[in-house]
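Source file my_file04.cif; content: mmCIF, C-alpha atoms.
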```
data_upload
#
loop_
_atom_site.label_atom_id
_atom_site.label_comp_id
_atom_site.auth_asym_id
_atom_site.auth_seq_id
_atom_site.Cartn_x
_atom_site.Cartn_y
_atom_site.Cartn_z
CA MET V 1 -64.08 -43.20 -98.56
CA LYS V 2 -60.49 -44.20 -97.75
CA PHE V 3 -58.34 -41.38 -99.12
CA CYS V 4 -58.62 -37.60 -99.37
CA SER V 5 -59.74 -36.52 -102.86
CA ASN V 6 -57.77 -33.31 -102.40
CA CYS V 7 -54.34 -34.60 -101.28
CA ALA V 8 -54.47 -38.45 -101.50
CA GLN V 9 -53.61 -39.00 -97.81
CA PRO V 10 -55.76 -41.43 -95.74
CA VAL V 11 -58.94 -39.98 -94.19
CA SER V 12 -60.49 -41.00 -90.89
CA LEU V 13 -63.93 -40.58 -89.34
CA SER V 14 -64.10 -37.92 -86.63
CA VAL V 15 -66.40 -35.13 -85.44
CA PRO V 16 -64.91 -31.79 -86.55
CA ALA V 17 -64.83 -28.89 -84.04
CA GLY V 18 -68.23 -27.18 -83.90
CA ASP V 19 -69.91 -30.08 -85.72
CA HIS V 20 -72.15 -32.81 -84.29
CA LEU V 21 -71.67 -35.71 -86.71
CA PRO V 22 -68.65 -37.81 -87.69
CA ARG V 23 -67.20 -36.87 -91.09
CA PHE V 24 -64.37 -38.18 -93.22
CA VAL V 25 -61.59 -35.76 -92.26
CA CYS V 26 -58.11 -35.46 -93.77
CA ALA V 27 -55.53 -34.83 -91.05
CA ALA V 28 -52.93 -33.90 -93.69
CA CYS V 29 -54.71 -31.03 -95.51
CA GLY V 30 -57.67 -30.40 -93.18
CA THR V 31 -60.38 -31.06 -95.77
CA ILE V 32 -63.71 -32.23 -94.34
CA HIS V 33 -65.59 -34.48 -96.77
CA TYR V 34 -69.35 -34.09 -96.28
CA GLU V 35 -71.60 -36.86 -97.54
CA THR V 36 -75.22 -35.85 -98.09
CA PRO V 37 -78.37 -37.45 -99.54
CA ARG V 38 -78.87 -37.69 -103.28
CA ILE V 39 -82.04 -36.79 -105.17
CA ILE V 40 -83.78 -39.39 -107.33
CA ALA V 41 -86.09 -37.57 -109.77
CA GLY V 42 -88.89 -39.39 -111.54
CA CYS V 43 -92.37 -39.12 -113.00
CA VAL V 44 -95.62 -41.04 -113.35
CA ILE V 45 -96.48 -40.67 -117.04
CA GLU V 46 -100.12 -40.91 -118.12
CA HIS V 47 -101.20 -41.40 -121.73
CA GLU V 48 -104.79 -42.07 -122.80
CA GLY V 49 -105.69 -43.06 -119.25
CA LYS V 50 -102.83 -45.57 -118.92
CA LEU V 51 -99.52 -45.34 -117.05
CA LEU V 52 -96.14 -45.88 -118.68
CA LEU V 53 -93.88 -48.35 -116.86
CA CYS V 54 -90.43 -49.70 -117.74
CA LYS V 55 -89.00 -53.14 -116.93
CA ARG V 56 -85.53 -52.64 -115.47
CA ALA V 57 -82.55 -53.98 -117.41
CA ILE V 58 -80.16 -53.05 -114.59
CA GLU V 59 -79.61 -53.82 -110.92
CA PRO V 60 -80.98 -53.23 -108.38
CA ARG V 61 -84.31 -54.94 -109.12
CA HIS V 62 -83.47 -56.20 -112.58
CA GLY V 63 -86.64 -57.45 -114.30
CA PHE V 64 -89.01 -55.46 -112.07
CA TRP V 65 -91.22 -52.60 -113.26
CA THR V 66 -90.71 -48.93 -112.46
CA THR V 67 -91.64 -45.43 -113.45
CA PRO V 68 -88.74 -43.60 -115.12
CA ALA V 69 -86.50 -42.21 -112.34
CA GLY V 70 -82.83 -41.71 -111.58
CA PHE V 71 -80.12 -39.58 -110.02
CA MET V 72 -80.49 -35.85 -110.54
CA GLU V 73 -77.35 -34.36 -112.13
CA ASN V 74 -75.47 -31.14 -111.44
CA GLY V 75 -76.59 -28.35 -113.77
CA GLU V 76 -80.24 -29.33 -114.09
CA SER V 77 -83.49 -28.73 -112.19
CA VAL V 78 -85.41 -31.54 -110.49
CA GLN V 79 -88.10 -31.19 -113.16
CA HIS V 80 -85.53 -31.41 -115.94
CA ALA V 81 -84.00 -34.48 -114.32
CA ALA V 82 -87.40 -36.20 -114.22
CA ALA V 83 -88.03 -35.41 -117.92
CA ARG V 84 -84.51 -36.57 -118.87
CA GLU V 85 -85.02 -39.90 -117.12
CA ALA V 86 -88.31 -40.39 -119.05
CA MET V 87 -86.37 -39.84 -122.28
CA GLU V 88 -83.48 -42.11 -121.28
CA GLU V 89 -85.50 -45.02 -119.91
CA ALA V 90 -88.64 -44.91 -122.08
CA LEU V 91 -87.64 -42.67 -125.05
CA ALA V 92 -90.61 -40.57 -123.93
CA HIS V 93 -90.82 -36.83 -124.51
CA VAL V 94 -92.86 -35.65 -121.52
CA ARG V 95 -94.42 -32.51 -120.12
CA ILE V 96 -93.80 -32.35 -116.36
CA GLY V 97 -96.92 -31.50 -114.35
CA SER V 98 -97.62 -31.15 -110.63
CA LEU V 99 -95.49 -32.59 -107.85
CA LEU V 100 -96.85 -35.98 -106.76
CA ALA V 101 -94.62 -37.23 -103.95
CA ILE V 102 -91.53 -36.66 -101.85
CA VAL V 103 -90.22 -39.88 -100.31
CA ASN V 104 -87.33 -39.85 -97.83
CA VAL V 105 -85.51 -43.17 -98.25
CA ILE V 106 -83.50 -42.68 -95.12
CA ARG V 107 -81.04 -45.58 -94.95
CA ALA V 108 -80.30 -45.25 -98.66
CA HIS V 109 -79.44 -41.56 -98.22
CA GLN V 110 -81.90 -40.66 -100.96
CA VAL V 111 -84.84 -38.32 -101.47
CA HIS V 112 -87.20 -39.45 -104.23
CA ILE V 113 -89.05 -36.56 -105.89
CA MET V 114 -91.82 -37.67 -108.25
CA PHE V 115 -93.89 -35.55 -110.63
CA ARG V 116 -97.00 -36.19 -112.68
CA ALA V 117 -96.31 -36.11 -116.44
CA THR V 118 -97.94 -36.60 -119.83
CA LEU V 119 -96.55 -37.56 -123.24
CA ILE V 120 -95.98 -34.59 -125.55
CA GLU V 121 -95.89 -36.94 -128.54
CA PRO V 122 -97.79 -40.24 -128.48
CA SER V 123 -94.68 -42.38 -128.77
CA PHE V 124 -92.26 -44.14 -126.46
CA GLY V 125 -89.70 -46.93 -126.63
CA ILE V 126 -87.11 -48.95 -124.75
CA GLY V 127 -84.05 -47.14 -123.45
CA PRO V 128 -80.72 -48.87 -122.74
CA GLU V 129 -81.58 -49.35 -119.03
CA SER V 130 -84.94 -50.98 -119.84
CA LEU V 131 -85.96 -54.43 -121.12
CA GLU V 132 -89.48 -53.37 -122.03
CA SER V 133 -91.82 -50.35 -121.84
CA ARG V 134 -95.59 -50.63 -121.61
CA LEU V 135 -98.73 -48.61 -120.96
CA TYR V 136 -100.75 -50.18 -118.15
CA ALA V 137 -104.41 -49.59 -117.37
CA GLU V 138 -104.99 -49.26 -113.61
CA GLU V 139 -106.31 -52.81 -113.24
CA GLU V 140 -103.35 -54.28 -115.18
CA ILE V 141 -100.53 -52.84 -113.04
CA PRO V 142 -98.29 -55.72 -111.88
CA TRP V 143 -98.12 -54.66 -108.22
CA PRO V 144 -96.00 -57.61 -107.00
CA GLU V 145 -93.45 -56.81 -109.72
CA ILE V 146 -93.06 -53.08 -108.92
CA ALA V 147 -89.35 -52.44 -108.29
CA PHE V 148 -89.36 -50.05 -105.33
CA LEU V 149 -91.57 -49.09 -102.38
CA SER V 150 -91.33 -45.42 -103.35
CA VAL V 151 -92.59 -46.18 -106.87
CA GLU V 152 -95.50 -48.22 -105.50
CA PHE V 153 -96.33 -45.31 -103.17
CA GLY V 154 -96.27 -42.81 -106.04
CA LEU V 155 -98.40 -44.99 -108.32
CA ARG V 156 -101.02 -45.70 -105.62
CA ARG V 157 -101.34 -42.04 -104.62
CA TYR V 158 -101.51 -41.04 -108.29
CA LEU V 159 -104.38 -43.43 -108.96
CA GLU V 160 -106.24 -42.50 -105.76
CA ASP V 161 -106.00 -38.79 -106.60
CA ARG V 162 -107.15 -39.43 -110.16
CA ARG V 163 -110.24 -41.28 -108.93
CA LEU V 164 -110.99 -38.30 -106.66
CA GLY V 165 -110.31 -35.71 -109.40
CA ARG V 166 -107.48 -33.99 -107.49
CA GLU V 167 -103.70 -33.60 -107.65
CA GLN V 168 -102.23 -33.64 -104.16
CA LEU V 169 -98.65 -33.81 -102.95
CA HIS V 170 -97.86 -36.81 -100.74
CA PHE V 171 -95.06 -37.48 -98.26
CA ARG V 172 -93.59 -40.73 -97.00
CA ASP V 173 -90.52 -41.75 -95.02
CA ILE V 174 -89.12 -45.23 -95.69
CA ASP V 175 -86.68 -46.65 -93.17
CA TRP V 176 -85.57 -50.14 -92.23
CA ARG V 177 -85.35 -51.79 -88.82
CA ASP V 178 -84.38 -55.45 -88.30
CA GLY V 179 -84.71 -55.99 -92.05
CA LYS V 180 -88.30 -54.69 -92.11
CA ALA V 181 -89.47 -51.55 -93.92
CA ILE V 182 -90.93 -48.89 -91.61
CA LEU V 183 -93.30 -46.59 -93.50
CA THR V 184 -94.37 -43.22 -92.07
CA ASP V 185 -96.69 -40.93 -94.01
CA GLY V 186 -96.88 -37.15 -93.70
CA HIS V 187 -99.89 -34.92 -94.33
CA SER V 188 -100.80 -34.68 -98.00
CA GLN V 189 -101.42 -31.19 -99.35
CA MET G 1 -61.51 -33.66 -106.90
CA LYS G 2 -57.87 -34.56 -107.64
CA PHE G 3 -57.42 -38.07 -106.24
CA CYS G 4 -59.51 -41.25 -106.02
CA SER G 5 -61.07 -41.59 -102.56
CA ASN G 6 -60.94 -45.37 -102.99
CA CYS G 7 -57.30 -45.92 -104.05
CA ALA G 8 -55.52 -42.51 -103.81
CA GLN G 9 -54.44 -42.47 -107.48
CA PRO G 10 -55.08 -39.32 -109.58
CA VAL G 11 -58.53 -39.01 -111.19
CA SER G 12 -59.33 -37.39 -114.53
CA LEU G 13 -62.50 -36.07 -116.15
CA SER G 14 -63.91 -38.32 -118.86
CA VAL G 15 -67.24 -39.63 -120.12
CA PRO G 16 -67.62 -43.27 -118.99
CA ALA G 17 -68.93 -45.84 -121.50
CA GLY G 18 -72.72 -45.67 -121.71
CA ASP G 19 -72.79 -42.30 -119.92
CA HIS G 20 -73.38 -38.83 -121.39
CA LEU G 21 -71.58 -36.51 -118.95
CA PRO G 22 -67.93 -36.17 -117.89
CA ARG G 23 -67.19 -37.70 -114.47
CA PHE G 24 -64.14 -37.92 -112.29
CA VAL G 25 -62.88 -41.40 -113.21
CA CYS G 26 -60.03 -43.36 -111.63
CA ALA G 27 -58.04 -45.21 -114.29
CA ALA G 28 -56.29 -47.29 -111.61
CA CYS G 29 -59.28 -48.89 -109.83
CA GLY G 30 -62.12 -48.00 -112.21
CA THR G 31 -64.20 -46.07 -109.68
CA ILE G 32 -66.50 -43.43 -111.17
CA HIS G 33 -67.08 -40.52 -108.78
CA TYR G 34 -70.54 -39.02 -109.34
CA GLU G 35 -71.15 -35.49 -108.12
CA THR G 36 -74.81 -34.60 -107.66
CA PRO G 37 -76.81 -31.66 -106.25
CA ARG G 38 -77.18 -31.19 -102.51
CA ILE G 39 -80.42 -30.42 -100.68
CA ILE G 40 -80.71 -27.29 -98.55
CA ALA G 41 -83.66 -27.75 -96.17
CA GLY G 42 -85.24 -24.79 -94.43
CA CYS G 43 -88.44 -23.33 -93.03
CA VAL G 44 -90.35 -20.07 -92.71
CA ILE G 45 -91.34 -19.95 -89.04
CA GLU G 46 -94.43 -17.96 -88.03
CA HIS G 47 -95.20 -17.00 -84.43
CA GLU G 48 -98.02 -14.67 -83.41
CA GLY G 49 -98.26 -13.38 -86.97
CA LYS G 50 -94.55 -12.57 -87.26
CA LEU G 51 -91.74 -14.40 -89.08
CA LEU G 52 -88.54 -15.57 -87.38
CA LEU G 53 -85.34 -14.52 -89.15
CA CYS G 54 -81.68 -15.00 -88.21
CA LYS G 55 -78.75 -12.71 -88.99
CA ARG G 56 -75.94 -14.82 -90.39
CA ALA G 57 -72.71 -15.10 -88.40
CA ILE G 58 -71.02 -17.08 -91.19
CA GLU G 59 -70.12 -16.70 -94.82
CA PRO G 60 -71.55 -16.56 -97.40
CA ARG G 61 -73.65 -13.44 -96.73
CA HIS G 62 -72.35 -12.73 -93.23
CA GLY G 63 -74.55 -10.09 -91.56
CA PHE G 64 -77.55 -10.69 -93.84
CA TRP G 65 -80.88 -12.10 -92.69
CA THR G 66 -82.21 -15.55 -93.51
CA THR G 67 -84.74 -18.16 -92.54
CA PRO G 68 -83.12 -21.16 -90.83
CA ALA G 69 -81.79 -23.48 -93.58
CA GLY G 70 -78.83 -25.70 -94.28
CA PHE G 71 -77.48 -28.88 -95.80
CA MET G 72 -79.61 -31.98 -95.31
CA GLU G 73 -77.62 -34.79 -93.67
CA ASN G 74 -77.54 -38.52 -94.34
CA GLY G 75 -79.91 -40.41 -92.04
CA GLU G 76 -82.62 -37.78 -91.77
CA SER G 77 -85.72 -36.72 -93.73
CA VAL G 78 -86.01 -33.34 -95.45
CA GLN G 79 -88.57 -32.33 -92.83
CA HIS G 80 -86.26 -33.39 -90.00
CA ALA G 81 -83.40 -31.45 -91.57
CA ALA G 82 -85.54 -28.28 -91.74
CA ALA G 83 -86.52 -28.65 -88.06
CA ARG G 84 -82.91 -29.36 -87.04
CA GLU G 85 -81.72 -26.19 -88.77
CA ALA G 86 -84.37 -24.16 -86.90
CA MET G 87 -83.01 -25.57 -83.64
CA GLU G 88 -79.35 -25.00 -84.59
CA GLU G 89 -79.69 -21.48 -85.97
CA ALA G 90 -82.51 -20.04 -83.85
CA LEU G 91 -82.78 -22.47 -80.88
CA ALA G 92 -86.37 -22.86 -82.06
CA HIS G 93 -88.39 -26.03 -81.51
CA VAL G 94 -90.69 -26.09 -84.53
CA ARG G 95 -93.57 -28.07 -85.96
CA ILE G 96 -93.03 -28.52 -89.71
CA GLY G 97 -96.14 -27.77 -91.78
CA SER G 98 -96.85 -27.74 -95.50
CA LEU G 99 -94.26 -27.54 -98.25
CA LEU G 100 -93.78 -23.91 -99.35
CA ALA G 101 -91.19 -23.93 -102.12
CA ILE G 102 -88.73 -25.93 -104.17
CA VAL G 103 -85.99 -23.76 -105.69
CA ASN G 104 -83.45 -25.20 -108.10
CA VAL G 105 -80.24 -23.19 -107.64
CA ILE G 106 -78.68 -24.61 -110.73
CA ARG G 107 -75.11 -23.25 -110.86
CA ALA G 108 -74.68 -23.89 -107.13
CA HIS G 109 -75.72 -27.55 -107.57
CA GLN G 110 -78.35 -27.13 -104.88
CA VAL G 111 -82.07 -27.73 -104.43
CA HIS G 112 -83.62 -25.58 -101.71
CA ILE G 113 -86.67 -27.21 -100.08
CA MET G 114 -88.60 -24.88 -97.76
CA PHE G 115 -91.47 -25.71 -95.44
CA ARG G 116 -93.91 -23.63 -93.42
CA ALA G 117 -93.40 -24.02 -89.67
CA THR G 118 -94.64 -22.79 -86.30
CA LEU G 119 -93.03 -22.61 -82.86
CA ILE G 120 -94.00 -25.48 -80.55
CA GLU G 121 -92.83 -23.45 -77.55
CA PRO G 122 -92.87 -19.65 -77.64
CA SER G 123 -89.12 -19.29 -77.28
CA PHE G 124 -86.12 -18.93 -79.55
CA GLY G 125 -82.54 -17.74 -79.33
CA ILE G 126 -79.27 -17.23 -81.15
CA GLY G 127 -77.45 -20.33 -82.42
CA PRO G 128 -73.68 -20.42 -83.07
CA GLU G 129 -74.15 -19.61 -86.78
CA SER G 130 -76.30 -16.54 -86.01
CA LEU G 131 -75.53 -13.03 -84.75
CA GLU G 132 -79.14 -12.24 -83.87
CA SER G 133 -82.65 -13.74 -84.14
CA ARG G 134 -85.80 -11.67 -84.41
CA LEU G 135 -89.51 -11.90 -85.13
CA TYR G 136 -90.47 -9.56 -87.97
CA ALA G 137 -93.93 -8.29 -88.82
CA GLU G 138 -94.56 -8.31 -92.58
CA GLU G 139 -93.97 -4.56 -92.96
CA GLU G 140 -90.70 -4.73 -90.98
CA ILE G 141 -88.91 -7.37 -93.06
CA PRO G 142 -85.53 -5.95 -94.17
CA TRP G 143 -85.83 -6.97 -97.84
CA PRO G 144 -82.52 -5.43 -99.03
CA GLU G 145 -80.75 -7.37 -96.27
CA ILE G 146 -82.19 -10.81 -97.06
CA ALA G 147 -79.26 -13.17 -97.63
CA PHE G 148 -80.38 -15.27 -100.61
CA LEU G 149 -82.73 -15.04 -103.59
CA SER G 150 -84.32 -18.37 -102.63
CA VAL G 151 -85.10 -17.07 -99.12
CA GLU G 152 -86.63 -13.90 -100.54
CA PHE G 153 -88.74 -16.04 -102.89
CA GLY G 154 -89.96 -18.22 -100.03
CA LEU G 155 -90.78 -15.27 -97.78
CA ARG G 156 -92.68 -13.39 -100.51
CA ARG G 157 -94.72 -16.45 -101.54
CA TYR G 158 -95.42 -17.22 -97.87
CA LEU G 159 -96.78 -13.73 -97.24
CA GLU G 160 -98.81 -13.67 -100.48
CA ASP G 161 -100.42 -17.00 -99.65
CA ARG G 162 -101.17 -15.88 -96.10
CA ARG G 163 -102.96 -12.77 -97.38
CA LEU G 164 -105.02 -15.02 -99.67
CA GLY G 165 -105.72 -17.60 -96.95
CA ARG G 166 -104.07 -20.48 -98.80
CA GLU G 167 -100.94 -22.66 -98.59
CA GLN G 168 -99.59 -23.36 -102.04
CA LEU G 169 -96.35 -24.96 -103.20
CA HIS G 170 -94.17 -22.72 -105.38
CA PHE G 171 -91.36 -23.52 -107.82
CA ARG G 172 -88.48 -21.40 -109.05
CA ASP G 173 -85.25 -22.01 -110.96
CA ILE G 174 -82.36 -19.65 -110.25
CA ASP G 175 -79.49 -19.61 -112.73
CA TRP G 176 -76.83 -17.10 -113.62
CA ARG G 177 -75.79 -15.80 -117.04
CA ASP G 178 -73.17 -13.06 -117.54
CA GLY G 179 -73.23 -12.40 -113.81
CA LYS G 180 -77.01 -11.79 -113.80
CA ALA G 181 -79.57 -13.95 -112.02
CA ILE G 182 -82.10 -15.59 -114.36
CA LEU G 183 -85.32 -16.44 -112.51
CA THR G 184 -87.86 -18.88 -113.96
CA ASP G 185 -91.03 -19.74 -112.08
CA GLY G 186 -93.04 -22.95 -112.40
CA HIS G 187 -96.76 -23.42 -111.84
CA SER G 188 -97.73 -23.16 -108.17
CA GLN G 189 -99.99 -25.92 -106.87
#
```
As structure tokens - that is how I would like this structure written.
Amino acid sequence: MKFCSNCAQPVSLSVPAGDHLPRFVCAACGTIHYETPRIIAGCVIEHEGKLLLCKRAIEPRHGFWTTPAGFMENGESVQHAAAREAMEEALAHVRIGSLLAIVNVIRAHQVHIMFRATLIEPSFGIGPESLESRLYAEEEIPWPEIAFLSVEFGLRRYLEDRRLGREQLHFRDIDWRDGKAILTDGHSQ
Amino acid sequence: MKFCSNCAQPVSLSVPAGDHLPRFVCAACGTIHYETPRIIAGCVIEHEGKLLLCKRAIEPRHGFWTTPAGFMENGESVQHAAAREAMEEALAHVRIGSLLAIVNVIRAHQVHIMFRATLIEPSFGIGPESLESRLYAEEEIPWPEIAFLSVEFGLRRYLEDRRLGREQLHFRDIDWRDGKAILTDGHSQ
């Protein structure tokens, strides 16, 4: 952020009175521009015992596999965002089920919220952000080609829970230090 | 948003190519400014069977009672944000427990994420955004003076679960139509 979106004058980083963190502040009109984490909503979609994955046609992680997921939009619920992403990326009409995982991706300023889901109709396809869509049996999942740590976490917890006949909610923090991912798990519930 | 925060030229609302929603777009430098929902993190704090509430010293809902809650910041987890708000609003050092509720406050472009919590030390106080802090027994809670529908939802589900000896996760959407709140509940888990 270089300029104030309210008055077009330059902004600078400073800690406003009564605050504890530096913000982009406009000295001209006094506007404080808060930047806060964004929600990525997604779902692990099961159909006939297999999981639906999409090969990414966009960066980051072009060519890697993911569950449908993306930025939540204003005017929708997290659940609606997860279902919309399934439609956009895999042309899949899904029923959103229980909450599977909340992953804090701290350096990226993101919170990934992942639900369990099933296909309402037994059809899916390839959305504009995907190169390919495929149902994978558990033993076929291409683990080294999974696009994101949060997606791998969601898939592994999903499969573990399924083996144990339960549907828990799982928590993970992902941070980076010296170029290495630091993973911290919370208590599942 | 009136001006581009990247180049200070005026922005206008239009649907970018390949997108489906209007965004603030800068014709001069091409930047698309996405606006997405913000997370409000909070917690219901129990101590010796009572719940800790704060009387708000700020708008909106000045003078009404709330659980500690506020905007999640970049660089923290949702859980950390909830604990930080407890410290800021009630000078309470809390241990964050299970997830209590996710409330989509759709028109406000907010997702409220509320945890259960307990006091690590048996002390609390009055933060700069509060007029008063108090432990309430269940039968003392001032329901008509609770600040927000999402807080009332969290408190009621908390107390219900406690009576039943369980800790579930609860979902609600809050929207407004013709000035009336429309409440839609999801399946608890």
Sorted by chain and rising residue number, list the residues of chain G at most 8 Å from chain V (counting only C-alpha atoms), each with its closest atom pair and distance in Å to one decimal, as CSV.
```
residue,atom,partner,partner_atom,distance
G:Met1,CA,V:Ser5,CA,5.3
G:Lys2,CA,V:Asn6,CA,5.4
G:Phe3,CA,V:Ser5,CA,4.4
G:Cys4,CA,V:Ser5,CA,5.7
G:Ser5,CA,V:Phe3,CA,4.4
G:Asn6,CA,V:Lys2,CA,5.4
G:Cys7,CA,V:Phe3,CA,6.8
G:Ala8,CA,V:Ala8,CA,4.8
G:Gln9,CA,V:Ala8,CA,7.2
G:Glu35,CA,V:Asn74,CA,7.0
G:Thr36,CA,V:Glu73,CA,5.1
G:Pro37,CA,V:Asn74,CA,5.4
G:Arg38,CA,V:Thr36,CA,6.7
G:Ile39,CA,V:Pro37,CA,7.4
G:Phe71,CA,V:Thr36,CA,7.7
G:Met72,CA,V:Thr36,CA,6.5
G:Glu73,CA,V:Thr36,CA,5.1
G:Asn74,CA,V:Thr36,CA,5.2
G:Gly75,CA,V:Ile106,CA,5.2
G:Glu76,CA,V:Ile106,CA,6.0
G:Ser77,CA,V:Asn104,CA,5.4
G:Val78,CA,V:Asn104,CA,7.1
G:Ser98,CA,V:Gln189,CA,6.9
G:Asn104,CA,V:Ser77,CA,5.4
G:Val105,CA,V:Ser77,CA,7.9
G:Ile106,CA,V:Gly75,CA,5.3
G:Arg107,CA,V:Gly75,CA,6.1
G:His109,CA,V:Asn74,CA,5.3
G:Val111,CA,V:Val78,CA,7.9
G:Asp173,CA,V:Ser77,CA,7.1
G:His187,CA,V:Ser98,CA,7.9
G:Gln189,CA,V:Ser98,CA,6.9
```
Export of the given selection (C-alpha atoms) as an mmCIF file, in the frame of the given file:
```
data_model
loop_
_atom_site.group_PDB
_atom_site.id
_atom_site.type_symbol
_atom_site.label_atom_id
_atom_site.label_comp_id
_atom_site.auth_asym_id
_atom_site.auth_seq_id
_atom_site.Cartn_x
_atom_site.Cartn_y
_atom_site.Cartn_z
ATOM 1 C CA MET G 1 -61.510 -33.660 -106.900
ATOM 2 C CA LYS G 2 -57.870 -34.560 -107.640
ATOM 3 C CA PHE G 3 -57.420 -38.070 -106.240
ATOM 4 C CA CYS G 4 -59.510 -41.250 -106.020
ATOM 5 C CA SER G 5 -61.070 -41.590 -102.560
ATOM 6 C CA ASN G 6 -60.940 -45.370 -102.990
ATOM 7 C CA CYS G 7 -57.300 -45.920 -104.050
ATOM 8 C CA ALA G 8 -55.520 -42.510 -103.810
ATOM 9 C CA GLN G 9 -54.440 -42.470 -107.480
ATOM 10 C CA GLU G 35 -71.150 -35.490 -108.120
ATOM 11 C CA THR G 36 -74.810 -34.600 -107.660
ATOM 12 C CA PRO G 37 -76.810 -31.660 -106.250
ATOM 13 C CA ARG G 38 -77.180 -31.190 -102.510
ATOM 14 C CA ILE G 39 -80.420 -30.420 -100.680
ATOM 15 C CA PHE G 71 -77.480 -28.880 -95.800
ATOM 16 C CA MET G 72 -79.610 -31.980 -95.310
ATOM 17 C CA GLU G 73 -77.620 -34.790 -93.670
ATOM 18 C CA ASN G 74 -77.540 -38.520 -94.340
ATOM 19 C CA GLY G 75 -79.910 -40.410 -92.040
ATOM 20 C CA GLU G 76 -82.620 -37.780 -91.770
ATOM 21 C CA SER G 77 -85.720 -36.720 -93.730
ATOM 22 C CA VAL G 78 -86.010 -33.340 -95.450
ATOM 23 C CA SER G 98 -96.850 -27.740 -95.500
ATOM 24 C CA ASN G 104 -83.450 -25.200 -108.100
ATOM 25 C CA VAL G 105 -80.240 -23.190 -107.640
ATOM 26 C CA ILE G 106 -78.680 -24.610 -110.730
ATOM 27 C CA ARG G 107 -75.110 -23.250 -110.860
ATOM 28 C CA HIS G 109 -75.720 -27.550 -107.570
ATOM 29 C CA VAL G 111 -82.070 -27.730 -104.430
ATOM 30 C CA ASP G 173 -85.250 -22.010 -110.960
ATOM 31 C CA HIS G 187 -96.760 -23.420 -111.840
ATOM 32 C CA GLN G 189 -99.990 -25.920 -106.870
#
```
Any chance you could resolve the PyMOL selection byres ((chain G and resi 136) around 10) against this file and give the residues as a PyMOL selection string? chain G and resi 46-47+49-53+133-135+137-142
Grab the CA of Ser14 (chain G) to CA of Thr31 (chain G) distance for me, in Å with one decimal place.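 Between CA of Ser14 (chain G) and CA of Thr31 (chain G) the gap works out to 12.0 Å.
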Pairwise distance for CA of Lys55 (chain V) and CA of Gly154 (chain V), rounded to one decimal in Å: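 Between these atoms lies a distance of 16.7 Å.
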Quick one, how far is CA of Leu183 (chain V) from CA of Pro144 (chain V)?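 Atom-to-atom, CA of Leu183 (chain V) to CA of Pro144 (chain V), that is 17.6 Å.
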My list of candidates is G:Pro16, G:Gly70, G:Gly127, G:Gly179. Which is closest to Gly30 (chain G) when distances are computed with only C-alpha atoms?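 The closest residue to Gly30 (chain G) is G:Pro16.
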Edge lengths and centre in Å to one decimal, as JSON, of the axis-aligned box that encloses all listed atoms of region 131-148 of chain G with 6 Å added on every side?
```
{"center_x": -85.0, "center_y": -9.9, "center_z": -92.2, "size_x": 31.0, "size_y": 22.7, "size_z": 28.7}
```
When you count all atoms listed in the file, which of these residues is closest to Arg61 (chain V): V:Phe148, V:Phe24, V:Phe124, V:Phe115?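 Closest to Arg61 (chain V), using all atoms listed in the file: V:Phe148.
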For the point (-84.4, -40.8, -110.0) in the file's frame, write as number ranges by chain all residues with an atom no more than 8 Å away, counting only C-alpha atoms. V: 39-42, 68-72, 81-82, 85, 112-113
List every protein, DNA or RNA residue that has an atom no more than 12 Å from (-73.2, -13.6, -93.7) in the file's coordinate frame, counting all atoms listed in the file, and report them as number ranges by chain. G: 54-66, 129-132, 145-148
From the set V:Leu119, V:Val44, V:Ile32, V:Leu164, which residue has the shortest atom-to-atom contact distance to Val94 (chain V), counting all atoms listed in the file? V:Leu119
Could you tell me, as a CSV table (one decimal) with C-alpha atoms, keeping the file's coordinate frame, exactly which residues end up selected when the PyMOL selection byres ((chain V and resi 121) around 8) is applied to this structure?
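Saved as expr-v8.csv:
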```
chain,number,residue,atom,x,y,z
V,92,ALA,CA,-90.6,-40.6,-123.9
V,93,HIS,CA,-90.8,-36.8,-124.5
V,94,VAL,CA,-92.9,-35.6,-121.5
V,119,LEU,CA,-96.6,-37.6,-123.2
V,120,ILE,CA,-96.0,-34.6,-125.6
V,122,PRO,CA,-97.8,-40.2,-128.5
V,123,SER,CA,-94.7,-42.4,-128.8
```
